[in-house]
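**Q** Once you've had a glance at the structure underneath, I'll fire off some questions.
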Amino acid sequence: MYQINEFVDERQKSWCIHCGAGNGGVDTNRDHVPSRTLLRKPYPANLPVVRICSACNESFSRDEEYLSLFLRCVIAGTTDPDGHKNPKVARALKRHDKLRARIERSKSERWTVDGESVPEWQPEIERVNQVVLKNARGHAFYEYGEPMMAEPARVWAAPLAVMSEAEREAFEDDTAGTLVGWPEVGSRMMIRAVEGQDLRDAWIVVQKGVYRYRVDQCDTLRVRSIIHEYLATEVCWTGS
């Protein structure tokens, strides 16, 4: 990814975008958005980073690892470490046997009309939503300089495969690329809009085939992402 410097209001960086704690009075550290557990090594250069309080950063770790491993198991169709080509994933499944067992218990079988058995997975949706919201707040702040600490009107995640063709087209719609609402001058999103850096049909590509996202702002602020070209996510705030 390109290194993009922004020039938004520095006062917006005075507090943690998740809990609202003043950054001057708590320990802080750099948080990658998206979470690096959702990416593949080698990581792209210049990954988006925001500064949040250390307590919030640490609180997301287990949910991030859960979502990463859950998605890898769903895509591979198995929780068996030997069934994963990625050695990092295989090691994590071996190391976290209790988590692996929890993911395995979420797997069931569904029979098709043709009499075939297909696996069906039920995620721990609250844990998924925690990571989706965490990354969405980070994307909004990184791209627009907007700390979205209010509760969102919508947090949603679903596999692309369950969408109809019309739903998929609407989700991928690139009309936001015409910028219905112009980003703040000096924000990274404005710089991207002018120079086209990392943009593909209005989507910001972090790692091809692994993670992409977009942030749209008009009467609402909406963050969408697609993870491993499998999971679609959306977070919306009204009155932004």
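Residue numbering restarts at 1 for every chain of the structure tokens, chains are lettered A, B, ... in their displayed order, and ligands are numbered from 1 as they appear.
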Residues at most 9 Å from Glu184 (chain A), counting only C-alpha atoms, excluding those fewer than 3 positions away in the same chain, as a list in words?

**A** Val8, Tyr144, Gly145, Ser187, Arg188, Met189 and Met190 of chain A

**Q** Compile the contact shell of Leu93 (chain A) as a PyMOL selection string: residues with an atom at most 8 Å away, counting only C-alpha atoms, same-chain residues fewer than 5 positions apart removed.

**A** chain A and resi 69+79-81+99-100

**Q** Kindly indicate which residue among A:Cys56, A:Ala161, A:Ala202, A:Ala101 lies nearest to Thr78 (chain A), using only C-alpha atoms for the distances.

**A** A:Ala101

**Q** For each of A:Trp121, A:Tyr2, A:Ile52, A:Glu229, take the minimum atom-to-atom distance to Gly25 (chain A), counting only C-alpha atoms, then give the residue where this is smallest.

**A**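 For Gly25 (chain A), the nearest of the candidates is A:Ile52.
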
**Q** Give me every helix (DSSP H, G or I) residue in region 11-178 of chain A, going by DSSP on the backbone, as a PyMOL selection string.

**A** chain A and resi 11-13+36-38+54-59+61-76+81-83+87-95+97-105+125-144+160-162+165-172+175-178

**Q** For CA of Gln122 (chain A) and CA of Ser106 (chain A), determine how far apart the two atoms are, in Å to one decimal place.

**A**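 Pair CA of Gln122 (chain A) / CA of Ser106 (chain A) returns 5.2 Å.
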
**Q** Between A:Cys53, A:Ala92, A:Val155, A:Val223, which is the closest to Tyr142 (chain A) once you count only C-alpha atoms?

**A**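 The answer is A:Val223, which sits nearest to Tyr142 (chain A).
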
**Q** For Ile226 (chain A), find every residue with an atom within 8 Å (counting only C-alpha atoms), except residues of its own chain fewer than 5 positions away, and show them as a PyMOL selection string.

**A** chain A and resi 210-213+231-233

**Q** If you keep N, CA and C atoms, can you produce a file of those selected residues as a CSV table (one decimal), in the first residue's frame?

**A**
```csv
chain,number,residue,atom,x,y,z
A,210,VAL,N,-7.5,-10.9,-0.3
A,210,VAL,CA,-7.5,-11.1,1.2
A,210,VAL,C,-8.4,-10.1,1.9
A,211,TYR,N,-8.2,-8.8,1.7
A,211,TYR,CA,-8.9,-7.8,2.4
A,211,TYR,C,-9.0,-6.6,1.6
A,212,ARG,N,-10.3,-6.1,1.5
A,212,ARG,CA,-10.5,-4.8,0.9
A,212,ARG,C,-11.7,-4.1,1.6
A,213,TYR,N,-11.7,-2.8,1.6
A,213,TYR,CA,-12.7,-2.0,2.3
A,213,TYR,C,-13.1,-0.7,1.6
A,231,LEU,N,-16.2,-13.3,3.2
A,231,LEU,CA,-17.1,-12.6,4.2
A,231,LEU,C,-17.3,-11.2,3.8
A,232,ALA,N,-18.6,-10.8,3.7
A,232,ALA,CA,-18.9,-9.4,3.5
A,232,ALA,C,-19.4,-8.8,4.8
A,233,THR,N,-19.0,-7.5,5.1
A,233,THR,CA,-19.3,-6.9,6.3
A,233,THR,C,-19.8,-5.4,6.0
```

**Q** When you count only C-alpha atoms, which of these residues is closest to His96 (chain A): A:Gly138, A:Asn57, A:Arg62, A:Ile125?

**A**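 For His96 (chain A), the nearest of the candidates is A:Arg62.
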
**Q** CA of Leu67 (chain A) and CA of Gln3 (chain A), how far apart in Å?

**A**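 Result for CA of Gln3 (chain A) versus CA of Leu67 (chain A): 27.6 Å, one decimal.
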
**Q** Calculated over only C-alpha atoms, which of the candidates A:Thr37, A:Glu116, A:Ser61, A:Ala55 has the smallest distance to Ala21 (chain A)?

**A**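 Smallest distance to Ala21 (chain A) is found for A:Ala55.
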
**Q** As a PDB file with N, CA and C atoms, in the first residue's frame, please: the residues near Lys85 (chain A) (cut-off 12 Å, only C-alpha atoms, same-chain neighbours under 6 positions excluded).

**A**
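See part_34.pdb below for the written result:
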```
ATOM      1  N   ARG A  72     -10.681 -19.317   8.321  1.00  0.00           N
ATOM      2  CA  ARG A  72      -9.764 -20.256   7.652  1.00  0.00           C
ATOM      3  C   ARG A  72     -10.344 -21.671   7.667  1.00  0.00           C
ATOM      4  N   CYS A  73     -10.983 -22.049   8.764  1.00  0.00           N
ATOM      5  CA  CYS A  73     -11.569 -23.394   8.851  1.00  0.00           C
ATOM      6  C   CYS A  73     -12.769 -23.541   7.923  1.00  0.00           C
ATOM      7  N   ILE A  75     -13.324 -21.853   5.132  1.00  0.00           N
ATOM      8  CA  ILE A  75     -12.845 -21.860   3.746  1.00  0.00           C
ATOM      9  C   ILE A  75     -12.173 -23.185   3.401  1.00  0.00           C
ATOM     10  N   ALA A  76     -11.408 -23.734   4.344  1.00  0.00           N
ATOM     11  CA  ALA A  76     -10.734 -25.021   4.102  1.00  0.00           C
ATOM     12  C   ALA A  76     -11.682 -26.199   4.285  1.00  0.00           C
ATOM     13  N   THR A  78     -12.394 -27.598   7.186  1.00  0.00           N
ATOM     14  CA  THR A  78     -11.964 -28.489   8.259  1.00  0.00           C
ATOM     15  C   THR A  78     -11.261 -27.717   9.364  1.00  0.00           C
ATOM     16  N   ARG A  91      -0.365 -24.265  12.890  1.00  0.00           N
ATOM     17  CA  ARG A  91       0.244 -24.147  14.218  1.00  0.00           C
ATOM     18  C   ARG A  91      -0.737 -23.551  15.224  1.00  0.00           C
TER      19      ARG A  91
END
```

**Q** For each of A:Leu71, A:Ile103, A:Glu120, A:Pro147, take the minimum atom-to-atom distance to Gly20 (chain A), counting only C-alpha atoms, then give the residue where this is smallest.

**A** A:Pro147

**Q** Just the residues within 8 Å of Ser14 (chain A), please, counting only C-alpha atoms, with nothing from its chain fewer than 6 positions along; format it as a list in words.

**A** Gly22, Asn23 and Gly24 of chain A

**Q** Enumerate the residues of region 71-178 of chain A with a DSSP assignment of strand (DSSP E or B), computed from the backbone, and present them as number ranges by chain.

**A** A: 107-111, 117-121, 154-159

**Q** Export N, CA and C atoms of the chosen residues as a PDB file, in the first residue's frame?

**A**
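Okay, this is what ended up in part28.pdb:
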```pdb
ATOM      1  N   LYS A 107     -19.819 -26.582  13.604  1.00  0.00           N
ATOM      2  CA  LYS A 107     -19.997 -27.184  12.283  1.00  0.00           C
ATOM      3  C   LYS A 107     -21.089 -28.238  12.323  1.00  0.00           C
ATOM      4  N   SER A 108     -21.970 -28.198  11.335  1.00  0.00           N
ATOM      5  CA  SER A 108     -23.010 -29.211  11.209  1.00  0.00           C
ATOM      6  C   SER A 108     -23.119 -29.605   9.741  1.00  0.00           C
ATOM      7  N   GLU A 109     -23.997 -30.537   9.453  1.00  0.00           N
ATOM      8  CA  GLU A 109     -24.186 -30.971   8.068  1.00  0.00           C
ATOM      9  C   GLU A 109     -25.594 -30.635   7.604  1.00  0.00           C
ATOM     10  N   ARG A 110     -25.671 -30.195   6.379  1.00  0.00           N
ATOM     11  CA  ARG A 110     -26.966 -29.913   5.761  1.00  0.00           C
ATOM     12  C   ARG A 110     -27.079 -30.749   4.493  1.00  0.00           C
ATOM     13  N   TRP A 111     -28.269 -31.315   4.299  1.00  0.00           N
ATOM     14  CA  TRP A 111     -28.468 -32.163   3.141  1.00  0.00           C
ATOM     15  C   TRP A 111     -29.153 -31.382   2.029  1.00  0.00           C
ATOM     16  N   SER A 117     -24.356 -34.163   1.259  1.00  0.00           N
ATOM     17  CA  SER A 117     -24.097 -33.554   2.564  1.00  0.00           C
ATOM     18  C   SER A 117     -23.098 -32.413   2.390  1.00  0.00           C
ATOM     19  N   VAL A 118     -23.476 -31.220   2.891  1.00  0.00           N
ATOM     20  CA  VAL A 118     -22.574 -30.065   2.805  1.00  0.00           C
ATOM     21  C   VAL A 118     -22.406 -29.489   4.213  1.00  0.00           C
ATOM     22  N   PRO A 119     -21.197 -29.037   4.544  1.00  0.00           N
ATOM     23  CA  PRO A 119     -20.972 -28.482   5.881  1.00  0.00           C
ATOM     24  C   PRO A 119     -21.641 -27.119   6.035  1.00  0.00           C
ATOM     25  N   GLU A 120     -22.104 -26.863   7.235  1.00  0.00           N
ATOM     26  CA  GLU A 120     -22.704 -25.580   7.566  1.00  0.00           C
ATOM     27  C   GLU A 120     -22.107 -25.111   8.889  1.00  0.00           C
ATOM     28  N   TRP A 121     -21.666 -23.865   8.933  1.00  0.00           N
ATOM     29  CA  TRP A 121     -20.966 -23.348  10.100  1.00  0.00           C
ATOM     30  C   TRP A 121     -21.757 -22.204  10.720  1.00  0.00           C
ATOM     31  N   ARG A 154     -26.121  -0.154  12.461  1.00  0.00           N
ATOM     32  CA  ARG A 154     -26.109  -1.497  11.855  1.00  0.00           C
ATOM     33  C   ARG A 154     -24.710  -2.067  11.889  1.00  0.00           C
ATOM     34  N   VAL A 155     -24.608  -3.306  12.354  1.00  0.00           N
ATOM     35  CA  VAL A 155     -23.379  -4.099  12.234  1.00  0.00           C
ATOM     36  C   VAL A 155     -23.800  -5.428  11.632  1.00  0.00           C
ATOM     37  N   TRP A 156     -23.235  -5.772  10.499  1.00  0.00           N
ATOM     38  CA  TRP A 156     -23.719  -6.932   9.744  1.00  0.00           C
ATOM     39  C   TRP A 156     -22.550  -7.652   9.091  1.00  0.00           C
ATOM     40  N   ALA A 157     -22.672  -8.981   9.025  1.00  0.00           N
ATOM     41  CA  ALA A 157     -21.664  -9.801   8.333  1.00  0.00           C
ATOM     42  C   ALA A 157     -22.337 -11.047   7.788  1.00  0.00           C
ATOM     43  N   ALA A 158     -21.966 -11.435   6.572  1.00  0.00           N
ATOM     44  CA  ALA A 158     -22.535 -12.638   5.959  1.00  0.00           C
ATOM     45  C   ALA A 158     -21.640 -13.083   4.813  1.00  0.00           C
ATOM     46  N   PRO A 159     -21.620 -14.375   4.518  1.00  0.00           N
ATOM     47  CA  PRO A 159     -20.831 -14.848   3.379  1.00  0.00           C
ATOM     48  C   PRO A 159     -21.381 -14.304   2.059  1.00  0.00           C
TER      49      PRO A 159
END
```
